[in-house]
$ cat query.cif   # mmCIF, C-alpha atoms
data_model
#
loop_
_atom_site.group_PDB
_atom_site.id
_atom_site.type_symbol
_atom_site.label_atom_id
_atom_site.label_comp_id
_atom_site.auth_asym_id
_atom_site.auth_seq_id
_atom_site.Cartn_x
_atom_site.Cartn_y
_atom_site.Cartn_z
ATOM 1 C CA MET A 1 -13.196 -55.611 -14.575
ATOM 2 C CA LYS A 2 -15.252 -52.495 -14.067
ATOM 3 C CA HIS A 3 -14.663 -49.573 -16.439
ATOM 4 C CA THR A 4 -12.391 -51.435 -18.814
ATOM 5 C CA VAL A 5 -12.656 -52.478 -22.419
ATOM 6 C CA ARG A 6 -12.630 -56.166 -23.277
ATOM 7 C CA MET A 7 -9.737 -57.258 -25.481
ATOM 8 C CA THR A 8 -10.543 -59.661 -28.293
ATOM 9 C CA GLY A 9 -8.744 -61.694 -30.949
ATOM 10 C CA SER A 10 -5.006 -61.114 -31.122
ATOM 11 C CA LEU A 11 -5.300 -58.305 -28.561
ATOM 12 C CA ASP A 12 -6.037 -60.861 -25.845
ATOM 13 C CA PRO A 13 -4.113 -61.096 -23.573
ATOM 14 C CA ARG A 14 -3.256 -57.433 -23.246
ATOM 15 C CA SER A 15 0.278 -58.264 -22.147
ATOM 16 C CA SER A 16 1.002 -59.773 -25.590
ATOM 17 C CA TRP A 17 1.053 -56.424 -27.378
ATOM 18 C CA GLU A 18 1.784 -52.753 -26.933
ATOM 19 C CA ALA A 19 -0.136 -49.913 -28.447
ATOM 20 C CA SER A 20 2.145 -49.070 -31.347
ATOM 21 C CA ASN A 21 0.749 -46.696 -33.976
ATOM 22 C CA CYS A 22 -1.862 -45.667 -31.444
ATOM 23 C CA THR A 23 -3.859 -42.908 -33.056
ATOM 24 C CA ILE A 24 -4.735 -41.380 -29.682
ATOM 25 C CA ALA A 25 -1.000 -40.887 -29.127
ATOM 26 C CA LYS A 26 -0.628 -39.489 -32.652
ATOM 27 C CA ALA A 27 -3.550 -37.130 -32.173
ATOM 28 C CA LEU A 28 -1.976 -35.847 -28.969
ATOM 29 C CA GLU A 29 1.239 -35.092 -30.811
ATOM 30 C CA ILE A 30 -0.695 -32.668 -32.979
ATOM 31 C CA VAL A 31 -3.000 -31.186 -30.367
ATOM 32 C CA SER A 32 -0.643 -31.502 -27.454
ATOM 33 C CA THR A 33 -1.277 -28.489 -25.260
ATOM 34 C CA ARG A 34 -4.103 -26.905 -23.379
ATOM 35 C CA SER A 35 -3.568 -23.717 -25.401
ATOM 36 C CA ALA A 36 -3.942 -25.620 -28.699
ATOM 37 C CA PHE A 37 -7.314 -26.964 -27.547
ATOM 38 C CA LEU A 38 -8.417 -23.489 -26.431
ATOM 39 C CA ILE A 39 -7.355 -21.904 -29.731
ATOM 40 C CA LEU A 40 -9.413 -24.567 -31.533
ATOM 41 C CA ARG A 41 -12.354 -23.916 -29.208
ATOM 42 C CA GLU A 42 -12.246 -20.280 -30.262
ATOM 43 C CA ALA A 43 -12.073 -21.233 -33.939
ATOM 44 C CA PHE A 44 -15.310 -23.227 -33.456
ATOM 45 C CA PHE A 45 -16.838 -20.196 -31.775
ATOM 46 C CA GLY A 46 -16.067 -18.169 -34.896
ATOM 47 C CA THR A 47 -12.853 -16.402 -33.941
ATOM 48 C CA THR A 48 -10.608 -15.739 -36.942
ATOM 49 C CA ARG A 49 -8.283 -12.831 -36.030
ATOM 50 C CA PHE A 50 -4.952 -13.242 -34.297
ATOM 51 C CA ASP A 51 -5.710 -10.654 -31.594
ATOM 52 C CA ASP A 52 -9.023 -12.287 -30.778
ATOM 53 C CA PHE A 53 -7.451 -15.740 -30.436
ATOM 54 C CA ALA A 54 -4.896 -14.456 -27.933
ATOM 55 C CA GLU A 55 -7.463 -12.496 -25.947
ATOM 56 C CA ARG A 56 -10.272 -15.035 -25.933
ATOM 57 C CA ALA A 57 -8.141 -18.116 -25.304
ATOM 58 C CA ARG A 58 -6.363 -16.050 -22.605
ATOM 59 C CA VAL A 59 -2.892 -16.854 -23.806
ATOM 60 C CA SER A 60 0.016 -14.516 -24.442
ATOM 61 C CA GLU A 61 0.604 -13.280 -27.993
ATOM 62 C CA PRO A 62 3.783 -15.363 -28.452
ATOM 63 C CA VAL A 63 1.919 -18.485 -27.325
ATOM 64 C CA ALA A 64 -0.997 -17.700 -29.635
ATOM 65 C CA ALA A 65 1.428 -17.131 -32.525
ATOM 66 C CA SER A 66 3.182 -20.477 -31.906
ATOM 67 C CA ARG A 67 -0.037 -22.429 -31.572
ATOM 68 C CA LEU A 68 -1.614 -20.876 -34.675
ATOM 69 C CA HIS A 69 1.545 -21.562 -36.652
ATOM 70 C CA GLU A 70 1.626 -25.198 -35.504
ATOM 71 C CA LEU A 71 -2.069 -25.712 -36.197
ATOM 72 C CA VAL A 72 -1.625 -24.305 -39.720
ATOM 73 C CA GLN A 73 1.412 -26.560 -40.267
ATOM 74 C CA GLU A 74 -0.638 -29.581 -39.211
ATOM 75 C CA GLY A 75 -3.499 -28.675 -41.518
ATOM 76 C CA MET A 76 -5.983 -27.940 -38.726
ATOM 77 C CA LEU A 77 -6.367 -24.270 -39.610
ATOM 78 C CA GLU A 78 -5.789 -22.408 -42.835
ATOM 79 C CA ARG A 79 -4.405 -18.923 -42.960
ATOM 80 C CA GLU A 80 -5.963 -16.352 -45.192
ATOM 81 C CA ASP A 81 -4.609 -12.896 -45.812
ATOM 82 C CA TYR A 82 -7.225 -10.238 -45.592
ATOM 83 C CA ARG A 83 -6.937 -6.535 -46.279
ATOM 84 C CA GLU A 84 -9.419 -3.773 -45.806
ATOM 85 C CA PRO A 85 -8.887 -0.729 -48.064
ATOM 86 C CA GLY A 86 -6.256 1.598 -46.601
ATOM 87 C CA LYS A 87 -5.280 -0.799 -43.804
ATOM 88 C CA ARG A 88 -2.434 -3.227 -43.403
ATOM 89 C CA THR A 89 -2.822 -6.874 -44.312
ATOM 90 C CA ARG A 90 -4.198 -9.082 -41.558
ATOM 91 C CA GLN A 91 -4.198 -12.816 -41.197
ATOM 92 C CA HIS A 92 -7.374 -14.728 -40.597
ATOM 93 C CA TYR A 93 -7.457 -18.342 -39.529
ATOM 94 C CA ARG A 94 -10.236 -20.766 -40.368
ATOM 95 C CA LEU A 95 -10.819 -24.404 -39.544
ATOM 96 C CA THR A 96 -10.078 -26.913 -42.279
ATOM 97 C CA ASP A 97 -12.186 -30.069 -42.574
ATOM 98 C CA LYS A 98 -9.480 -31.880 -40.599
ATOM 99 C CA GLY A 99 -9.570 -29.284 -37.832
ATOM 100 C CA ALA A 100 -13.362 -29.152 -37.797
ATOM 101 C CA ASP A 101 -13.511 -32.915 -37.366
ATOM 102 C CA LEU A 102 -11.973 -32.534 -33.914
ATOM 103 C CA PHE A 103 -15.199 -30.949 -32.689
ATOM 104 C CA PRO A 104 -16.617 -34.093 -31.026
ATOM 105 C CA THR A 105 -13.442 -34.309 -28.925
ATOM 106 C CA LEU A 106 -14.002 -30.795 -27.603
ATOM 107 C CA VAL A 107 -17.670 -31.523 -26.963
ATOM 108 C CA ALA A 108 -16.686 -34.682 -25.072
ATOM 109 C CA LEU A 109 -14.272 -32.669 -22.904
ATOM 110 C CA MET A 110 -16.927 -30.019 -22.265
ATOM 111 C CA GLN A 111 -19.491 -32.655 -21.355
ATOM 112 C CA TRP A 112 -17.111 -34.267 -18.896
ATOM 113 C CA GLY A 113 -16.152 -30.893 -17.405
ATOM 114 C CA ASN A 114 -19.802 -29.843 -17.130
ATOM 115 C CA ARG A 115 -20.598 -33.027 -15.251
ATOM 116 C CA TRP A 116 -17.607 -33.277 -12.926
ATOM 117 C CA LEU A 117 -16.058 -29.820 -12.576
ATOM 118 C CA ASP A 118 -18.952 -27.391 -12.343
ATOM 119 C CA ASP A 119 -21.697 -27.268 -9.709
ATOM 120 C CA HIS A 120 -24.286 -26.029 -12.176
ATOM 121 C CA GLY A 121 -23.615 -28.266 -15.136
ATOM 122 C CA GLY A 122 -21.404 -25.787 -16.986
ATOM 123 C CA PRO A 123 -21.842 -22.155 -18.035
ATOM 124 C CA VAL A 124 -22.980 -22.896 -21.591
ATOM 125 C CA GLU A 125 -24.552 -25.753 -23.480
ATOM 126 C CA LEU A 126 -24.760 -26.928 -27.037
ATOM 127 C CA ARG A 127 -28.216 -27.289 -28.528
ATOM 128 C CA HIS A 128 -29.591 -28.794 -31.687
ATOM 129 C CA SER A 129 -30.655 -25.814 -33.790
ATOM 130 C CA ASP A 130 -33.584 -27.718 -35.301
ATOM 131 C CA CYS A 131 -35.282 -28.748 -32.060
ATOM 132 C CA GLY A 132 -33.495 -26.805 -29.302
ATOM 133 C CA GLN A 133 -32.622 -29.899 -27.280
ATOM 134 C CA PRO A 134 -29.206 -30.182 -25.597
ATOM 135 C CA VAL A 135 -26.525 -32.059 -27.522
ATOM 136 C CA GLU A 136 -24.218 -34.725 -26.151
ATOM 137 C CA VAL A 137 -21.593 -37.047 -27.511
ATOM 138 C CA GLN A 138 -22.721 -40.646 -27.350
ATOM 139 C CA LEU A 139 -21.069 -43.920 -28.156
ATOM 140 C CA THR A 140 -23.096 -45.463 -30.953
ATOM 141 C CA CYS A 141 -22.410 -48.506 -33.103
ATOM 142 C CA ALA A 142 -22.824 -48.736 -36.859
ATOM 143 C CA ALA A 143 -26.044 -50.710 -36.311
ATOM 144 C CA GLY A 144 -27.442 -47.677 -34.496
ATOM 145 C CA HIS A 145 -27.337 -49.041 -30.939
ATOM 146 C CA ARG A 146 -26.414 -46.706 -28.144
ATOM 147 C CA VAL A 147 -23.430 -48.455 -26.557
ATOM 148 C CA GLY A 148 -22.851 -48.503 -22.808
ATOM 149 C CA PRO A 149 -19.347 -48.465 -21.315
ATOM 150 C CA ASP A 150 -19.660 -52.167 -20.400
ATOM 151 C CA GLU A 151 -20.440 -53.250 -23.958
ATOM 152 C CA LEU A 152 -17.138 -52.384 -25.598
ATOM 153 C CA GLU A 153 -14.540 -54.593 -27.189
ATOM 154 C CA LEU A 154 -11.229 -53.640 -28.728
ATOM 155 C CA ALA A 155 -10.190 -55.555 -31.840
ATOM 156 C CA VAL A 156 -7.608 -55.336 -34.586
ATOM 157 C CA HIS A 157 -9.014 -53.155 -37.336
ATOM 158 C CA HIS A 158 -10.785 -55.068 -40.105
ATOM 159 C CA GLN A 159 -8.994 -53.275 -42.929
ATOM 160 C CA ARG A 160 -5.496 -54.094 -41.664
ATOM 161 C CA MET B 1 -19.599 -19.333 -41.427
ATOM 162 C CA LYS B 2 -18.474 -22.849 -42.228
ATOM 163 C CA HIS B 3 -17.439 -25.103 -39.342
ATOM 164 C CA THR B 4 -18.542 -22.774 -36.572
ATOM 165 C CA VAL B 5 -21.187 -22.938 -33.889
ATOM 166 C CA ARG B 6 -24.001 -20.378 -33.937
ATOM 167 C CA MET B 7 -24.156 -18.178 -30.840
ATOM 168 C CA THR B 8 -27.579 -17.514 -29.400
ATOM 169 C CA GLY B 9 -29.206 -15.404 -26.694
ATOM 170 C CA SER B 10 -26.796 -13.447 -24.545
ATOM 171 C CA LEU B 11 -23.851 -15.161 -26.255
ATOM 172 C CA ASP B 12 -24.568 -13.197 -29.426
ATOM 173 C CA PRO B 13 -22.468 -11.308 -30.430
ATOM 174 C CA ARG B 14 -19.441 -13.382 -29.512
ATOM 175 C CA SER B 15 -17.411 -10.242 -28.827
ATOM 176 C CA SER B 16 -19.695 -9.385 -25.885
ATOM 177 C CA TRP B 17 -18.396 -12.196 -23.670
ATOM 178 C CA GLU B 18 -15.372 -14.299 -22.925
ATOM 179 C CA ALA B 19 -15.368 -17.943 -22.022
ATOM 180 C CA SER B 20 -14.995 -17.672 -18.271
ATOM 181 C CA ASN B 21 -15.569 -20.849 -16.263
ATOM 182 C CA CYS B 22 -15.128 -22.787 -19.477
ATOM 183 C CA THR B 23 -15.287 -26.437 -18.552
ATOM 184 C CA ILE B 24 -13.102 -27.429 -21.521
ATOM 185 C CA ALA B 25 -10.359 -25.251 -20.004
ATOM 186 C CA LYS B 26 -11.016 -26.761 -16.564
ATOM 187 C CA ALA B 27 -10.925 -30.292 -17.941
ATOM 188 C CA LEU B 28 -7.580 -29.538 -19.578
ATOM 189 C CA GLU B 29 -6.177 -28.381 -16.259
ATOM 190 C CA ILE B 30 -6.802 -31.874 -14.915
ATOM 191 C CA VAL B 31 -5.839 -33.905 -17.963
ATOM 192 C CA SER B 32 -3.234 -31.529 -19.293
ATOM 193 C CA THR B 33 -0.540 -33.701 -20.816
ATOM 194 C CA ARG B 34 -0.173 -36.314 -23.484
ATOM 195 C CA SER B 35 1.173 -38.715 -20.871
ATOM 196 C CA ALA B 36 -1.927 -38.257 -18.683
ATOM 197 C CA PHE B 37 -4.150 -39.224 -21.629
ATOM 198 C CA LEU B 38 -1.966 -42.248 -22.397
ATOM 199 C CA ILE B 39 -1.987 -43.398 -18.760
ATOM 200 C CA LEU B 40 -5.790 -43.162 -18.831
ATOM 201 C CA ARG B 41 -5.889 -45.062 -22.137
ATOM 202 C CA GLU B 42 -3.995 -47.872 -20.435
ATOM 203 C CA ALA B 43 -6.372 -47.832 -17.466
ATOM 204 C CA PHE B 44 -9.262 -48.363 -19.899
ATOM 205 C CA PHE B 45 -7.326 -51.232 -21.458
ATOM 206 C CA GLY B 46 -7.146 -52.860 -18.015
ATOM 207 C CA THR B 47 -3.667 -51.873 -16.840
ATOM 208 C CA THR B 48 -3.461 -51.510 -13.056
ATOM 209 C CA ARG B 49 0.200 -51.938 -12.050
ATOM 210 C CA PHE B 50 2.720 -49.127 -11.928
ATOM 211 C CA ASP B 51 5.318 -50.944 -14.050
ATOM 212 C CA ASP B 52 2.774 -51.731 -16.732
ATOM 213 C CA PHE B 53 1.604 -48.124 -16.938
ATOM 214 C CA ALA B 54 5.153 -46.884 -17.493
ATOM 215 C CA GLU B 55 5.951 -49.565 -20.045
ATOM 216 C CA ARG B 56 2.710 -49.544 -21.992
ATOM 217 C CA ALA B 57 2.249 -45.770 -22.092
ATOM 218 C CA ARG B 58 5.947 -45.561 -23.031
ATOM 219 C CA VAL B 59 6.801 -42.962 -20.448
ATOM 220 C CA SER B 60 9.665 -42.918 -17.959
ATOM 221 C CA GLU B 61 9.021 -44.190 -14.436
ATOM 222 C CA PRO B 62 9.257 -40.696 -12.892
ATOM 223 C CA VAL B 63 6.722 -39.383 -15.424
ATOM 224 C CA ALA B 64 4.415 -42.339 -14.774
ATOM 225 C CA ALA B 65 4.715 -41.768 -11.027
ATOM 226 C CA SER B 66 3.871 -38.052 -11.352
ATOM 227 C CA ARG B 67 0.925 -38.655 -13.656
ATOM 228 C CA LEU B 68 -0.525 -41.457 -11.511
ATOM 229 C CA HIS B 69 -0.164 -39.299 -8.413
ATOM 230 C CA GLU B 70 -1.892 -36.351 -10.090
ATOM 231 C CA LEU B 71 -4.688 -38.523 -11.468
ATOM 232 C CA VAL B 72 -5.290 -39.986 -7.990
ATOM 233 C CA GLN B 73 -5.297 -36.476 -6.476
ATOM 234 C CA GLU B 74 -7.892 -35.375 -9.023
ATOM 235 C CA GLY B 75 -10.096 -38.376 -8.337
ATOM 236 C CA MET B 76 -9.643 -39.951 -11.767
ATOM 237 C CA LEU B 77 -7.912 -43.063 -10.455
ATOM 238 C CA GLU B 78 -8.007 -44.724 -7.070
ATOM 239 C CA ARG B 79 -5.003 -46.404 -5.552
ATOM 240 C CA GLU B 80 -5.353 -49.759 -3.938
ATOM 241 C CA ASP B 81 -2.627 -51.545 -2.026
ATOM 242 C CA TYR B 82 -2.286 -55.154 -2.971
ATOM 243 C CA ARG B 83 -0.069 -57.819 -1.521
ATOM 244 C CA GLU B 84 0.566 -61.350 -2.620
ATOM 245 C CA PRO B 85 1.707 -63.709 0.154
ATOM 246 C CA GLY B 86 5.464 -63.408 0.712
ATOM 247 C CA LYS B 87 5.842 -60.417 -1.620
ATOM 248 C CA ARG B 88 6.097 -56.719 -1.006
ATOM 249 C CA THR B 89 3.041 -54.503 -1.162
ATOM 250 C CA ARG B 90 2.218 -53.192 -4.628
ATOM 251 C CA GLN B 91 -0.035 -50.382 -5.678
ATOM 252 C CA HIS B 92 -2.789 -50.918 -8.154
ATOM 253 C CA TYR B 93 -4.657 -48.092 -9.844
ATOM 254 C CA ARG B 94 -8.234 -48.309 -11.031
ATOM 255 C CA LEU B 95 -10.519 -45.851 -12.781
ATOM 256 C CA THR B 96 -13.094 -44.104 -10.643
ATOM 257 C CA ASP B 97 -16.499 -43.221 -12.095
ATOM 258 C CA LYS B 98 -15.141 -39.722 -12.761
ATOM 259 C CA GLY B 99 -12.122 -41.124 -14.592
ATOM 260 C CA ALA B 100 -14.174 -43.658 -16.509
ATOM 261 C CA ASP B 101 -16.489 -40.914 -17.715
ATOM 262 C CA LEU B 102 -13.628 -39.477 -19.773
ATOM 263 C CA PHE B 103 -13.822 -42.478 -22.092
ATOM 264 C CA PRO B 104 -15.838 -40.755 -24.841
ATOM 265 C CA THR B 105 -13.121 -38.093 -25.063
ATOM 266 C CA LEU B 106 -10.490 -40.755 -25.733
ATOM 267 C CA VAL B 107 -12.744 -42.472 -28.250
ATOM 268 C CA ALA B 108 -13.271 -39.129 -29.993
ATOM 269 C CA LEU B 109 -9.494 -38.579 -30.190
ATOM 270 C CA MET B 110 -8.972 -42.110 -31.511
ATOM 271 C CA GLN B 111 -11.690 -41.675 -34.098
ATOM 272 C CA TRP B 112 -10.144 -38.437 -35.314
ATOM 273 C CA GLY B 113 -6.659 -39.972 -35.380
ATOM 274 C CA ASN B 114 -7.929 -43.046 -37.236
ATOM 275 C CA ARG B 115 -9.503 -40.842 -39.870
ATOM 276 C CA TRP B 116 -6.780 -38.248 -40.367
ATOM 277 C CA LEU B 117 -3.476 -39.688 -39.175
ATOM 278 C CA ASP B 118 -3.449 -43.302 -40.321
ATOM 279 C CA ASP B 119 -3.617 -44.613 -43.888
ATOM 280 C CA HIS B 120 -5.508 -47.720 -42.847
ATOM 281 C CA GLY B 121 -8.077 -46.266 -40.494
ATOM 282 C CA GLY B 122 -6.132 -47.021 -37.321
ATOM 283 C CA PRO B 123 -4.569 -50.175 -35.897
ATOM 284 C CA VAL B 124 -7.476 -51.113 -33.637
ATOM 285 C CA GLU B 125 -11.171 -50.409 -33.441
ATOM 286 C CA LEU B 126 -13.856 -50.437 -30.796
ATOM 287 C CA ARG B 127 -16.806 -52.723 -31.350
ATOM 288 C CA HIS B 128 -20.151 -53.170 -29.713
ATOM 289 C CA SER B 129 -19.885 -56.492 -27.865
ATOM 290 C CA ASP B 130 -23.564 -57.305 -28.474
ATOM 291 C CA CYS B 131 -23.570 -56.983 -32.255
ATOM 292 C CA GLY B 132 -19.899 -56.670 -33.258
ATOM 293 C CA GLN B 133 -20.390 -53.415 -35.152
ATOM 294 C CA PRO B 134 -17.769 -50.636 -34.916
ATOM 295 C CA VAL B 135 -18.435 -47.941 -32.338
ATOM 296 C CA GLU B 136 -18.151 -44.198 -32.868
ATOM 297 C CA VAL B 137 -18.847 -41.083 -30.895
ATOM 298 C CA GLN B 138 -21.735 -39.140 -32.339
ATOM 299 C CA LEU B 139 -23.330 -35.833 -31.517
ATOM 300 C CA THR B 140 -26.899 -36.615 -30.514
ATOM 301 C CA CYS B 141 -29.555 -34.383 -29.002
ATOM 302 C CA ALA B 142 -31.840 -35.259 -26.119
ATOM 303 C CA ALA B 143 -34.687 -35.775 -28.596
ATOM 304 C CA GLY B 144 -32.605 -38.535 -30.203
ATOM 305 C CA HIS B 145 -31.634 -36.740 -33.404
ATOM 306 C CA ARG B 146 -28.187 -37.271 -34.792
ATOM 307 C CA VAL B 147 -26.816 -33.723 -34.990
ATOM 308 C CA GLY B 148 -24.624 -32.522 -37.854
ATOM 309 C CA PRO B 149 -21.863 -29.968 -37.348
ATOM 310 C CA ASP B 150 -23.967 -27.272 -39.046
ATOM 311 C CA GLU B 151 -26.906 -27.737 -36.670
ATOM 312 C CA LEU B 152 -25.292 -26.568 -33.453
ATOM 313 C CA GLU B 153 -26.030 -23.590 -31.272
ATOM 314 C CA LEU B 154 -24.303 -22.458 -28.128
ATOM 315 C CA ALA B 155 -26.504 -21.028 -25.386
ATOM 316 C CA VAL B 156 -26.268 -20.069 -21.733
ATOM 317 C CA HIS B 157 -27.039 -23.149 -19.686
ATOM 318 C CA HIS B 158 -30.704 -23.458 -18.646
ATOM 319 C CA GLN B 159 -29.921 -24.175 -15.007
ATOM 320 C CA ARG B 160 -27.818 -21.038 -14.499
#
$ encode --input "query.cif" --output "structure tokens"
Amino acid sequence: MKHTVRMTGSLDPRSSWEASNCTIAKALEIVSTRSAFLILREAFFGTTRFDDFAERARVSEPVAASRLHELVQEGMLEREDYREPGKRTRQHYRLTDKGADLFPTLVALMQWGNRWLDDHGGPVELRHSDCGQPVEVQLTCAAGHRVGPDELELAVHHQR
Amino acid sequence: MKHTVRMTGSLDPRSSWEASNCTIAKALEIVSTRSAFLILREAFFGTTRFDDFAERARVSEPVAASRLHELVQEGMLEREDYREPGKRTRQHYRLTDKGADLFPTLVALMQWGNRWLDDHGGPVELRHSDCGQPVEVQLTCAAGHRVGPDELELAVHHQR
């Protein structure tokens, strides 16, 4: 069937199992709101200060405070107290390795939005700093092949 | 700064602009809930019938009905009436090209969840049907280079 993934091994037929322990579902428990994604977007853009997160993600301060707290709790961001001489202590937030590893997901969303939701291909683009060429997410297999949407199989994980 | 994207051209400094028309934000207006992502996951797995969506995405029937309706309205799924002889008409839902193009986003979420939220690397894995190797999303530039997280720049889109 067009646009679907072929089920293999014990996953075939599809009706014989349900997606328990699905890590997409688990991921969406942690990053579950539009505002969480936008706060993370800003962290990738270099935002660290509470005020800047609220302003640049265009969310209210209580929403920004909740999201930042949740993202710290989940280990996506780490909080760092920072104090300039003579000023009050401020909190800065930086991506952890776990948080930073969500970057391809945001790029994939941007790529999809650029293609389907904007007449001009999106306001901004990512480029490879070495060669200046635009960057995309691509499905690639461990043997280095670029994988088309019709060449995908789902299987029980080897290590299980 | 670690884990951040370098701003270039008129995007530097970051404080001089805000992300208006951000296509990540627009994408998250369309696919804005965990249940929407899980309904789409099931569509990629080959689910077409209303009952199966509700059961397999583990959402209530009213939630499934709302999400399917919204996804049809947004052009992610198309509804098709289907009738077996002697039975009542049923609705089937299939991914459109627009909906199918969100697949890399789901793969990126799965990949992140497999790495960070599951002790065994996730219950299932995607494989390349030609060679059997596991499939990942990778950041790749138009010149074919695999791009590391430290080699990214954000720039105003060429076509604008």
$ atom_distance --input "query.cif" --atom1 "atom CA of Asn114 of chain B" --atom2 "atom CA of Thr23 of chain A"
5.8 Å
$ closest_atom_pairs --input "query.cif" --of "segment 33-143 of chain B" --to "segment 79-102 of chain A" --cutoff "8 Å" --atoms "all atoms listed in the file" --output "JSON lines"
{"residue": "B:Ala108", "atom": "CA", "partner": "A:Leu102", "partner_atom": "CA", "distance": 7.8}
{"residue": "B:Leu109", "atom": "CA", "partner": "A:Leu102", "partner_atom": "CA", "distance": 7.5}
{"residue": "B:Trp112", "atom": "CA", "partner": "A:Leu102", "partner_atom": "CA", "distance": 6.3}
{"residue": "B:Trp116", "atom": "CA", "partner": "A:Lys98", "partner_atom": "CA", "distance": 6.9}
$ write_last_selection --input "query.cif" --atoms "C-alpha atoms" --output "CSV table (one decimal), in the frame of the given file"
chain,number,residue,atom,x,y,z
B,108,ALA,CA,-13.3,-39.1,-30.0
B,109,LEU,CA,-9.5,-38.6,-30.2
B,112,TRP,CA,-10.1,-38.4,-35.3
B,116,TRP,CA,-6.8,-38.2,-40.4
$ closest_residue --input "query.cif" --among "B:Asp12, B:Glu153, B:Glu74, B:Glu55" --to "Leu117 of chain A" --atoms "only C-alpha atoms"
B:Glu74
$ resolve_selection --input "query.cif" --expression "the PyMOL selection byres ((chain B) within 6 of (chain A))" --output "number ranges by chain"
B: 3-5, 18, 23-24, 27-28, 34, 44-46, 56, 100, 105, 108-110, 113-114, 123-129, 133-142, 151-157
$ atom_distance --input "query.cif" --atom1 "atom CA of Glu78 of chain A" --atom2 "atom CA of Glu61 of chain A"
18.6 Å
